[in-house]
Protein chains: 2
Amino acid sequence: MLKDLPSLEQLIKVLQQVPYLASKNIYRVGSYFLQLDQAKLEHFCEILLEAKSKVIPCARCYTWRETDRDCTFCSSIKRDQKTVCVIESWQELIAIEKTGGYQGLYHVLGGVICPLDGIGPDDLTIQALIERVDKEGIKEIILAMNQTPEGEATMAYIGRKLRGKELVVSCLARGIPVGSHLESIDRLTVYKALSERRPF
Amino acid sequence: MLKDLPSLEQLIKVLQQVPYLASKNIYRVGSYFLQLDQAKLEHFCEILLEAKSKVIPCARCYTWRETDRDCTFCSSIKRDQKTVCVIESWQELIAIEKTGGYQGLYHVLGGVICPLDGIGPDDLTIQALIERVDKEGIKEIILAMNQTPEGEATMAYIGRKLRGKELVVSCLARGIPVGSHLESIDRLTVYKALSERRPF
């Protein structure tokens, strides 16, 4: 059907590459852009290109920073410069910052070790993390990978690399999510919550 | 947190306006665009702007057409020019064309009557549809609105407008979806399937 609409077909194709756009919604999103005012669409493109040119990864912690400003975290005098929370990507940083409960630095790995996808330790910023530990005298590393097999494997790898160094390596607590019912939680999570129980 | 990243904040804001991008995925989609090659991002913007400039609604049936080609449907000699399927938007056309079971024309309303959203009959292409019926000698109108209260109200409105004209007005069959189990279908659908049962 789209063969008579080559420009629209092209649009659908580039939208299909955007993550988290469900294929069933692609046509609707395509229509959204076609129905936008010309000025608004141009504004959208300008914003995209401006963000691309101005937002870069911090050379130290790999979180996003703007070219004309220092990294929010690395340059903050209020934050604990000796504690580093290691995360897969910038999105996890947002989740942690929203809690308001963390005042240390970050280190973005840029993914997790996943041999099936051809991602090894050298494709991530693990070596840079080890160097930071030595150079900056880090006292605690919090491994905050996602709870996936790849996330756990990556934590194990980094844990091994840090062995013998004088610092605390911790990871996020696993257990029953706040506000949830025991009966609706999967077996493995209940098992972890039991076996990793804490004094009340 | 984003106040130190004004360009990224702007990007997140424009992405928040795109429909069907869940807010929990916005940051990930933002990162996707930042991580794209400069050339690919420019290509993305070019495609968007090109589609915007080349794809317009057909003046007769309001489906999308390219500026340098006739409307696929209106110009087709293979399609039945006397049957018109009325749909809310272009996405429904894709769903119907995928079946391969329809060979008539279309008429895109551009939405449904929804007083709460301030959308009345005059905001849609209903008047143009009535004029088409008179001018083109349409023999059948298929009302294929979505099965929502607004969709049904719009069908009722169009039905009333077409009363007294010499043509068949039909709507899509309601009932049990193919491949599904009776016990998992909602009560109202089972009721409709029963009350609108057909000879076997």
# chains A, B, ... in the order shown; residues from 1 in each chain; ligands from 1
$ interface_residues --of "chain A" --to "chain B" --cutoff "8 Å" --atoms "only C-alpha atoms" --output "ChimeraX atom specification"
/A:1,4-8,10-11,14,18-22,25,27-29,31-34,38,41-42,44-45,47-52,54-55,65-66,69,72,90-91,94,97
$ select_by_dssp --residues "chain B" --states "helix (DSSP H, G or I)" --output "ChimeraX atom specification"
/B:2-4,6-16,23-35,38-54,90-99,115-117,121-123,126-136,149-162,182-184,187-195
$ closest_atom_pairs --of "stretch 44-92 of chain A" --to "stretch 128-131 of chain A" --cutoff "10 Å" --atoms "only C-alpha atoms" --output "Markdown table"
| residue | atom | partner | partner_atom | distance |
| --- | --- | --- | --- | --- |
| A:Ala59 | CA | A:Ala128 | CA | 9.6 |
| A:Arg60 | CA | A:Ala128 | CA | 8.0 |
| A:Cys61 | CA | A:Leu129 | CA | 8.3 |
| A:Tyr62 | CA | A:Ala128 | CA | 9.8 |
| A:Val84 | CA | A:Leu129 | CA | 9.3 |
| A:Val86 | CA | A:Leu129 | CA | 8.6 |
$ residues_around --residues "stretch 152-160 of chain B" --least-positions-apart "6" --cutoff "10 Å" --atoms "only C-alpha atoms" --output "list in words"
Val86, Glu88, Leu109, Gly111, Val112, Ile113, Cys114, Gly120, Pro121, Ile126, Gln127, Leu129, Ile130, Ile141, Ile142, Leu143, Ala144, Met145, Asn146, Val169, Ser170 and Cys171 of chain B
$ write_last_selection --atoms "C-alpha atoms" --output "CSV table (one decimal), in the first residue's frame"
chain,number,residue,atom,x,y,z
B,86,VAL,CA,-15.7,5.8,6.2
B,88,GLU,CA,-11.6,7.8,11.5
B,109,LEU,CA,-13.2,11.7,8.8
B,111,GLY,CA,-11.5,12.0,14.0
B,112,VAL,CA,-14.8,11.4,15.7
B,113,ILE,CA,-17.5,13.6,17.3
B,114,CYS,CA,-16.4,14.3,20.8
B,120,GLY,CA,-18.2,18.7,16.5
B,121,PRO,CA,-19.4,17.5,13.1
B,126,ILE,CA,-18.8,14.7,7.3
B,127,GLN,CA,-20.2,17.5,5.0
B,129,LEU,CA,-18.9,12.9,2.6
B,130,ILE,CA,-22.6,13.9,2.2
B,141,ILE,CA,-21.4,3.5,2.6
B,142,ILE,CA,-19.6,1.3,5.1
B,143,LEU,CA,-19.3,3.0,8.5
B,144,ALA,CA,-16.0,1.6,10.0
B,145,MET,CA,-15.5,3.7,13.1
B,146,ASN,CA,-13.8,2.3,16.1
B,169,VAL,CA,-25.5,2.1,4.8
B,170,SER,CA,-23.7,-0.7,6.6
B,171,CYS,CA,-21.3,-1.1,9.5
$ atom_distance --atom1 "atom CA of A:Thr83" --atom2 "atom CA of A:Lys139"
5.9 Å
$ residues_around --residues "B:Ile176" --least-positions-apart "5" --cutoff "8 Å" --atoms "only C-alpha atoms" --output "JSON list (two decimals) with N, CA and C atoms, in the first residue's frame"
[["chain", "number", "residue", "atom", "x", "y", "z"],
["B", 182, "LEU", "N", -14.31, -17.99, 24.15],
["B", 182, "LEU", "CA", -15.50, -17.32, 24.66],
["B", 182, "LEU", "C", -15.30, -16.82, 26.07],
["B", 185, "ILE", "N", -13.62, -13.41, 26.62],
["B", 185, "ILE", "CA", -14.18, -12.22, 25.96],
["B", 185, "ILE", "C", -15.11, -11.48, 26.93],
["B", 189, "THR", "N", -19.38, -8.00, 24.52],
["B", 189, "THR", "CA", -19.08, -8.55, 23.19],
["B", 189, "THR", "C", -19.82, -9.86, 22.98],
["B", 190, "VAL", "N", -19.83, -10.71, 24.01],
["B", 190, "VAL", "CA", -20.56, -11.99, 23.90],
["B", 190, "VAL", "C", -22.05, -11.70, 23.68],
["B", 193, "ALA", "N", -22.54, -10.63, 20.16],
["B", 193, "ALA", "CA", -22.35, -11.77, 19.25],
["B", 193, "ALA", "C", -23.59, -12.65, 19.25]]
$ atom_distance --atom1 "atom CA of A:Leu105" --atom2 "atom CA of A:Val133"
12.1 Å
$ select_by_dssp --residues "chain B" --states "strand (DSSP E)" --output "list in words"
Val55, Ile56, Pro57, Trp64, Arg65, Glu66, Asp80, Gln81, Lys82, Thr83, Val84, Cys85, Val86, Ile87, Gly104, Leu105, Tyr106, His107, Val108, Glu140, Ile141, Ile142, Leu143, Val168, Val169, Ser170 and Cys171 of chain B
$ write_last_selection --atoms "N, CA and C atoms" --output "short mmCIF file (atom, residue, chain, number, x, y, z; two decimals), in the first residue's frame"
data_model
loop_
_atom_site.label_atom_id
_atom_site.label_comp_id
_atom_site.auth_asym_id
_atom_site.auth_seq_id
_atom_site.Cartn_x
_atom_site.Cartn_y
_atom_site.Cartn_z
N VAL B 55 3.67 14.88 1.42
CA VAL B 55 2.48 14.06 1.69
C VAL B 55 1.34 14.97 2.14
N ILE B 56 0.26 14.95 1.39
CA ILE B 56 -0.89 15.82 1.69
C ILE B 56 -2.17 14.99 1.65
N PRO B 57 -3.24 15.50 2.23
CA PRO B 57 -4.49 14.73 2.14
C PRO B 57 -5.12 14.90 0.77
N TRP B 64 -3.94 10.02 2.73
CA TRP B 64 -2.68 10.66 2.36
C TRP B 64 -2.34 10.36 0.90
N ARG B 65 -1.84 11.37 0.21
CA ARG B 65 -1.30 11.13 -1.13
C ARG B 65 -0.06 11.98 -1.29
N GLU B 66 0.80 11.63 -2.29
CA GLU B 66 2.01 12.43 -2.51
C GLU B 66 1.68 13.55 -3.50
N ASP B 80 -13.82 -0.30 -6.86
CA ASP B 80 -15.24 0.01 -7.00
C ASP B 80 -15.48 1.45 -6.56
N GLN B 81 -15.79 2.33 -7.51
CA GLN B 81 -15.92 3.76 -7.23
C GLN B 81 -17.26 4.12 -6.60
N LYS B 82 -18.10 3.14 -6.39
CA LYS B 82 -19.44 3.42 -5.84
C LYS B 82 -19.59 2.97 -4.39
N THR B 83 -18.54 2.38 -3.84
CA THR B 83 -18.58 1.96 -2.44
C THR B 83 -17.55 2.76 -1.66
N VAL B 84 -17.95 3.34 -0.55
CA VAL B 84 -17.03 4.15 0.25
C VAL B 84 -17.01 3.66 1.69
N CYS B 85 -15.81 3.37 2.18
CA CYS B 85 -15.65 2.96 3.57
C CYS B 85 -15.22 4.19 4.38
N VAL B 86 -16.00 4.56 5.38
CA VAL B 86 -15.73 5.76 6.17
C VAL B 86 -14.93 5.37 7.41
N ILE B 87 -13.75 5.99 7.57
CA ILE B 87 -12.88 5.64 8.69
C ILE B 87 -12.48 6.90 9.46
N GLY B 104 -13.14 -1.09 -2.48
CA GLY B 104 -13.83 0.18 -2.74
C GLY B 104 -12.96 1.37 -2.41
N LEU B 105 -13.59 2.53 -2.25
CA LEU B 105 -12.86 3.75 -1.89
C LEU B 105 -12.96 4.00 -0.39
N TYR B 106 -12.30 5.08 0.03
CA TYR B 106 -12.32 5.43 1.45
C TYR B 106 -12.79 6.87 1.64
N HIS B 107 -13.10 7.20 2.87
CA HIS B 107 -13.32 8.59 3.25
C HIS B 107 -12.83 8.76 4.68
N VAL B 108 -11.78 9.56 4.86
CA VAL B 108 -11.20 9.74 6.19
C VAL B 108 -11.88 10.93 6.87
N GLU B 140 -22.97 2.35 -1.75
CA GLU B 140 -22.88 1.81 -0.39
C GLU B 140 -21.87 2.60 0.44
N ILE B 141 -22.27 2.90 1.66
CA ILE B 141 -21.38 3.53 2.63
C ILE B 141 -21.16 2.52 3.76
N ILE B 142 -19.89 2.19 4.01
CA ILE B 142 -19.59 1.29 5.13
C ILE B 142 -19.03 2.15 6.27
N LEU B 143 -19.72 2.19 7.39
CA LEU B 143 -19.25 2.97 8.53
C LEU B 143 -18.31 2.09 9.36
N VAL B 168 -27.11 2.02 0.37
CA VAL B 168 -27.02 1.10 1.49
C VAL B 168 -26.02 1.67 2.50
N VAL B 169 -26.41 1.72 3.76
CA VAL B 169 -25.46 2.12 4.81
C VAL B 169 -25.22 0.90 5.69
N SER B 170 -23.97 0.47 5.78
CA SER B 170 -23.68 -0.71 6.59
C SER B 170 -22.60 -0.38 7.62
N CYS B 171 -22.39 -1.28 8.56
CA CYS B 171 -21.29 -1.10 9.50
C CYS B 171 -20.60 -2.44 9.71
#
$ atom_distance --atom1 "atom CA of A:Ser76" --atom2 "atom CA of B:Ser23"
28.2 Å
